[in-house]
Amino acid sequence: MSTAVVIPVAEAPEPRFDFPTWLPPMFVKELRQGLRTRGFVGSMVGFQVVMVVAFVWAFAVNIFGESDAQGTVNGFFWGVLGIMLLVITPLRAMAGLRQEIDAKTLDLLMLTNLTSWRIVLGKWTSLLAQSALLVLALLPYGLVRYFFGSVDLLQDLIGIASMYLGCGMLTAVALWVSGLPRLLRIGLPIGLVLMAQGMGGFIFGGMAHGGMRITPSSGSGGAVAWLMVFDCVLLLLFCLVQAVRRIAPPAENHSPLARGLALLTLAAVPVLYIFDGKETAMGQLWIAVVALALVTIIEISSLRRPMSVHVRTWWRRGRMGGWVGRLVLPGWPSAALFTAFWLAVAAVGASMELIKLSSASPGDMAWLFALLWAALVFPMVLLSFAPNIGRQAPLVYFILQAAFGILSLFIGNTSSIRMSETVKAIEWLAHLLPVSSFWLQLEPLATHPAYDGRYFTGQAVMLVVVAALAVWRGWGYWSWVHAQGASLRQEKKAVPAG
Amino acid sequence: MSTPLVEVENLTRHFGHVRAVDGVSFTLNAGQVVGLIGANGAGKTTTMRILASLDVPDGGTVRIGGVDIVDHPNRVRRRLGWMPDHFSAYKDTTVGDYLDFFGRAHGLRGRELAKRVSEVMEFTDLAPLNARPMDALSKGQTQRLCLGRMLLNDPEFMILDEPAAGLDPKARLEFKNLVRILRDRGKTLLISSHILSELGEMCDTLLFMDAGRVVHHGDRHSLQRLDSEALAVFEITVHGDVEALGNWLAVRPGWKLVETLRTGARAEFAQSDPASIAAEVRRLAADLHLVEFRRQERRLEEAFVDMLRQGARPAIKPPPLPAVSVNGEIKS
């Protein structure tokens with residue numbers, strides 16, 4: 001038995017009082033560091049100078065009555081606030097995990113009582129606390145705006161709260177990105193911005209079409225506003241889970257949480273259907289399908305095998321636990337099963353005619369979902385033949401998906417012009433290949449009501465082949481999982497006997 | 001017999017086609033100071049990282065205190081101390097802030113935290129540096145800070161990867177003293193280093209690794225003894241021409257020059273029986289102006305390099321803790 005190493009000091013010193021010891025350690029550490037950084041001090045001083053200059057100029061303009069001082073003051077106030085919350089804070093988070101990983105200080109953190117969750121949450125909350133300090137420092141200027149008149153306090157508060165939520169979400173995204181390898185660190189933000197633009201256009205376009213305003217309670221518009229907050233919070237939590245995953249030890253399985261959060265977007269659909277009506281529910285179903293497809297891409301592109309502890313955690317909870325466990329284990333075979341599960345649930349939604357896409361029938365939608373399953377699973381089935389790819393699997397998976405996507409784009413754009421025999425042959429092939437068949441099927445559903453299903457038999461054969469390949473390539477994975485479950489059952493039986 | 005604190009069984013870790021760790025097995029008892037020795041790329045750091053639960057093996061098991069480190073890393077980590085080979089300072093952080101943070105991270109609160117940080121600062125002589133920024137510390141001070149951080153949670157088993165690398169002689173001596181105190185307090189330490197003689201002085205047993213495998217496990221004398229029956233090493237001092245001594249050693253059967261010194265040479269003789277050695281001494285004294293002829297223990301480095309040159313030997317069981325060795329000496 002070892003004894004304490006250090007020599008006890010004669011008198012216990014007074015504890016430090018800069019931050020109380022009940023505060024989370026990581027939060028304190030990040031605040032101590034963050035408040036001393038040039039980024040924070042520079043932002044604090046720089047924004048104060050900008051606001052002082054802007055307000056003095058606005059006062060002068062107001063006195064001489066030359067132009068719209070109120071608009072200038074409002075513009076500066078919201079502009080500075082927006083830059084601070086939506087640009088500076090997320091940019092500072094981009095160094096969050098990367099600094100620790102590069103300096104190898106993460107190893108030291110992981111050997112303390114801190115879990116990967118507490119490390120990520122500490123960094124995130126500290127950045128939000130620092131941005132809250134910056135917001136507080138700007139509030140006096142918000143009050144001075146009353147001098148110029150016509151300020152709506154409720155709208156101001158909603159605006160600041162929305163920006164703060166946006167700041168939390170973007171900071172979570174930045175923390176996730178900061179833990180990624182260099183190539184993905186550059187590629188992912190670009191992809192997310194493009195995706196956000198597309199989704200933003202879809203959502204705000206729908207809102208504008210329906211004449212909705214963002215206010216907490218006004219019929220359908222209110223529901224949409226709350227729905228947006230709900231989806232944003234889910235996205236925020238999902239990004240935090242991804243950040244946690246970058247630093248967590250392999251024994252921790254974060255797939256249940258990541259997949260569970262994505263499923264919650266789907267769970268909101270019946271609630272909206274009951275309380276708000278068909279249209280909002282339909283919009284959420286589309287958001288859920290897109291979100292689940294993106295989450296599936298992240299979840300499925302892994303050649304990892306689950307560890308014994310992952311399997312045992314779920315199998316210990318009985319038969320039901322075992323079934324849930326099969327859906328949430330790390331690795332592509334479990335993700336393929338999970339994909340089949342959520343697509344089946346979405347297809348049920350479609351069959352209840354929640355989705356109306358021109359003349360597409362529920363059967364067409366179910367077929368489309370089946371093709372989506374093949375599109376998501378097939379590249380991983382291919383990659384399972386090259387197990388040495390290891391950590392490069394996600395990158396190769398994305399490349400395969402992109403290659404098939406480009407093929408679909410090419411065929412889609414050439415279908416209206418006169419085609420050579422070679423292009424026609426490629427078109428036939430593209431309609432039968434797993435990924436491109438989904439994209440090419442998607443277009444006729446939206447634009448051509450008279451889709452005749454002439455590729456049906458070929459696609460059906462393709463689906464059976466992909467499913468058979470997935471079962472074959474995943475056989476070893478599932479055998480190992482079941483062996484772990486069986487050994488746990490035997491141990492359980494042995495304990496009372498012993 | 002007590003259960004070993006650390007049990008490593010058939011550990012493997014591959015990076016692509018490179019077998020960084022290839023079927024390593026050993027056990028460490030509580031209270032031992034063990035040196036891990038090997039050339040660059042021998043698999044030392046990978047083995048240590050797996051033992052510290054910072055990397056996952058491709059095969060094999062590691063148990064610390066009977067707990068599997070792969071399945072239950074968080075349970076093992078509370079009993080572990082880890083000092084990496086490379087240590088980066090936090091920006092905008094003082095020595096006091098750093099230790100205070102790691103104390104909090106280990107679950108210490110209030111007066112207990114302040115007391116523990118203060119104790120560790122006293123032990124590692126960091127108290128005068130309390131308010132100094134971490135990035136303004138010297139290498140030796142940084143190593144002491146890293147050691148202090150490791151001691152905050154009073155771990156049973158400490159893993160130190162190249163702790164003395166880059167330290168000046170004074171800091172090296174201070175570090176050795178700290179290790180001695182830790183050993184006296186019953187801690188189990190696994191230390192890796194390139195400087196074999198230094199490890200030989202600090203450690204109870206040594207684990208030699210080459211190409212991802214343990215090639216020898218024993219105390220320093222067990223390795224030095226491996227060839228001692230066949231070989232004897234001598235330091236020869238002559239008056240006058242050292243080159244003549246080199247020529248003499250080159251032509252005399254059974255002799256091999258190990259190292260040329262300012263006033264003589266170190267050389268190995270193929271026979272170790274006193275009669276043969278005495279005959280050689282007489283011959284040497286007749287041919288050259290012999291001043292001193294002293295039998296030496298083989299240096300650890302030489303024994304290790306010889307062992308590698310002869311090819312990997314099967315790992316051997318560690319002997320009991322070393323007794324004081326007596327060198328046979330022949331003086332002219």
# chains A, B, ... in the order shown; residues from 1 in each chain; ligands from 1
>>> residues_around(residues="A:Trp22", least_positions_apart="4", cutoff="10 Å", atoms="only C-alpha atoms", output="ChimeraX atom specification")
/A:28 /B:104,108-110
>>> select_by_dssp(residues="stretch 17-207 of chain B", states="alpha helix (DSSP H)", output="PyMOL selection string")
chain B and resi 44-51+73-77+95-105+110-123+139-151+169-184+196-202
>>> closest_residue(among="B:Val120, B:Ile37, B:Met202, B:Ala164", to="chain A", atoms="only C-alpha atoms")
B:Val120
>>> residues_around(residues="stretch 333-346 of chain A", least_positions_apart="6", cutoff="6 Å", atoms="only C-alpha atoms", output="MDAnalysis selection string")
chainID A and resid 300 326:327 474
>>> select_by_dssp(residues="stretch 83-250 of chain B", states="strand (DSSP E)", output="ChimeraX atom specification")
/B:83,157-161,188-193,205-210,213-218,232-238
>>> closest_atom_pairs(of="chain B", to="chain A", cutoff="7 Å", atoms="only C-alpha atoms", output="tab-separated table")
residue	atom	partner	partner_atom	distance
B:Leu54	CA	A:Asp107	CA	6.7
B:Val70	CA	A:Ala251	CA	6.5
B:Asp71	CA	A:Val309	CA	5.6
B:Arg77	CA	A:Leu111	CA	5.3
B:Arg78	CA	A:Thr112	CA	6.8
B:Ser88	CA	A:Ala103	CA	5.3
B:Asp92	CA	A:Gln33	CA	5.4
B:Thr93	CA	A:Gln33	CA	6.3
B:Phe101	CA	A:Pro25	CA	6.1
B:Arg104	CA	A:Pro25	CA	5.5
B:Ala105	CA	A:Pro25	CA	5.6
B:His106	CA	A:Asn113	CA	5.1
B:Gly107	CA	A:Asn113	CA	6.6
B:Arg109	CA	A:Thr21	CA	5.6
B:Gly110	CA	A:Pro15	CA	5.9
B:Arg111	CA	A:Pro15	CA	5.5
B:Ala114	CA	A:Pro15	CA	5.0
B:Lys115	CA	A:Ala12	CA	5.1
B:Glu119	CA	A:Val9	CA	5.7
B:Val120	CA	A:Val6	CA	6.2
B:Phe123	CA	A:Val6	CA	5.8
B:Asp154	CA	A:Ala4	CA	6.2
B:Glu156	CA	A:Ser2	CA	6.6
B:Leu182	CA	A:Val5	CA	6.2
B:Arg185	CA	A:Thr3	CA	5.5
B:Gly186	CA	A:Ser2	CA	4.4
B:Lys187	CA	A:Ser2	CA	5.5
>>> residues_around(residues="stretch 174-180 of chain B", least_positions_apart="2", cutoff="9 Å", atoms="only C-alpha atoms", output="list of chain:residue names")
B:Val33, B:Phe123, B:Thr124, B:Gly140, B:Gln143, B:Arg144, B:Pro163, B:Ala164, B:Pro169, B:Lys170, B:Ala171, B:Arg172, B:Leu182, B:Arg183, B:Asp184, B:Arg185, B:Leu189, B:Glu198, B:Glu201, B:Met202
>>> closest_residue(among="A:Met51, A:Leu97, A:Leu183, A:Ala262", to="A:Val290", atoms="only C-alpha atoms")
A:Ala262
>>> atom_distance(atom1="atom CA of B:Asn130", atom2="atom CA of B:Phe157")
26.8 Å
>>> residues_around(residues="A:Val269", least_positions_apart="4", cutoff="9 Å", atoms="only C-alpha atoms", output="ChimeraX atom specification")
/A:265,273-274,280-285,288,349
>>> residues_around(residues="stretch 193-195 of chain B", least_positions_apart="2", cutoff="10 Å", atoms="only C-alpha atoms", output="PyMOL selection string")
chain B and resi 35-40+44+85+160-165+191+197-200+300-301
>>> residues_around(residues="B:Pro155", least_positions_apart="3", cutoff="8 Å", atoms="only C-alpha atoms", output="list in words")
Arg78, Arg79, Leu80, Gly81, Met150, Leu151, Met158 and Lys187 of chain B
>>> atom_distance(atom1="atom CA of B:Val18", atom2="atom CA of B:Gly166")
28.3 Å
>>> closest_residue(among="B:Ala244, B:Ala30, B:Val24, B:Ala136", to="B:Val215", atoms="only C-alpha atoms")
B:Val24
